[in-house]
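Visitor: Provided herewith is a single structure, encoded as structure tokens, for subsequent inquiry.
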Amino acid sequence: TLGDEMGSAAKKLLEELMPFNEMCVSGQILREYAHVTLRMARIQHMGWGESHRKLQQNLGVIRRNFTILFDDVDVMAEWQDLLPRATSNKQVFDLNIVATLRAYRLRYL
């Protein structure tokens with residue numbers, strides 16, 4: 001399926017980048033990943049227990065291979081400064097990702 005192909009391509013790219021860069025992910029991205037994963041499991045009629053087991057397994061891999069950047073006072077301040085730029089309710093969450101980049105002084109996340 002297209003999802004499997006995209007997942008394989010993403011995994012390959014991450015494996016290529018890992019030796020050259022510190023890999024970071026924000027708490028916001030992890031929450032969104034969990035949300036989408038569990039929603040897709042429900043759509044695909046996957047059992048709830050099995051869905052959670054796979055999600056926890058994947059989160060463990062992420063925790064071992066990525067630096068997790070959590071929201072703190074600096075992220076909140078950046079987010080609050082960016083918030084007036086939101087033109088839709090979804091952007092409230094997207095701006096949190098931008099705020100994390102700015103607070104941690106990163107170019108990519």
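Quick note on naming: the chains in the structure tokens go A, B, ... in the order shown, residues restart at 1 in each chain, and ligands are numbered from 1 in order of appearance.
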Running DSSP on the backbone, which parts of chain A land in alpha helix (DSSP H), as JSON, numbers by chain?

Guide: {"A": [2, 3, 4, 5, 6, 7, 8, 9, 10, 11, 12, 13, 14, 15, 16, 17, 27, 28, 29, 30, 31, 32, 33, 34, 35, 36, 37, 38, 39, 40, 41, 42, 43, 48, 49, 50, 51, 52, 53, 54, 55, 56, 57, 58, 59, 60, 61, 62, 63, 64, 65, 73, 74, 75, 76, 77, 78, 79, 80, 81, 82, 89, 90, 91, 92, 93, 94, 95, 96, 97, 98, 99, 100, 101, 102, 103]}

Visitor: As a PDB file with C-alpha atoms, in the first residue's frame, please: the residues near Asp72 (chain A) (cut-off 12 Å, only C-alpha atoms, same-chain neighbours under 5 positions excluded).

Guide:
ATOM      1  CA  SER A  26       8.883  17.165  19.773  1.00  0.00           C
ATOM      2  CA  GLY A  27       6.299  15.998  22.257  1.00  0.00           C
ATOM      3  CA  ALA A  77       6.487  31.919  25.114  1.00  0.00           C
ATOM      4  CA  GLU A  78       7.388  31.325  21.461  1.00  0.00           C
ATOM      5  CA  TRP A  79       3.987  29.683  20.851  1.00  0.00           C
ATOM      6  CA  ASN A  96       3.561  24.667  18.641  1.00  0.00           C
ATOM      7  CA  ALA A  99       7.649  27.323  18.592  1.00  0.00           C
ATOM      8  CA  THR A 100       9.640  24.229  19.566  1.00  0.00           C
ATOM      9  CA  ALA A 103      12.885  27.770  21.403  1.00  0.00           C
ATOM     10  CA  TYR A 104      15.494  25.055  20.838  1.00  0.00           C
TER      11      TYR A 104
END

Visitor: In Å, rounded to a single decimal, give me how far CA of Arg63 (chain A) is from CA of Glu50 (chain A).

Guide: 19.9 Å

Visitor: Can you tell me, as a list in words, what residues are no more than 12 Å from Met40 (chain A) when counting only C-alpha atoms, ignoring any on the same chain fewer than 5 positions away?

Guide: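 Answer for this query is Gly3, Tyr33, Ala34, His35, His45, Met46, Gly47, Trp48, Ser51, His52 and Leu55 of chain A.
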
Visitor: What residues in chain A get the DSSP label strand (DSSP E or B)? Please answer as a list of chain:residue names.

Guide: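 Matching residues for strand (DSSP E or B) in chain A are A:Cys24, A:Val25, A:Ser26, A:Thr67, A:Ile68, A:Leu69.
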
Visitor: Please compute the CA of Glu22 (chain A)-CA of Leu83 (chain A) distance, one decimal, in Å.

Guide: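 Spanning CA of Glu22 (chain A) to CA of Leu83 (chain A) is a straight-line distance of 28.3 Å.
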
Visitor: CA of Asp71 (chain A) to CA of Pro84 (chain A): how many Å, to one decimal?

Guide: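 Between CA of Asp71 (chain A) and CA of Pro84 (chain A) the gap works out to 19.0 Å.
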
Visitor: Go through A:Arg31, A:Asn89, A:Val25, A:Arg42 and flag the residue nearest Thr67 (chain A), using only C-alpha atoms for the distances.

Guide: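 Checking each of A:Arg31, A:Asn89, A:Val25, A:Arg42 against Thr67 (chain A), counting only C-alpha atoms, the winner is A:Val25.
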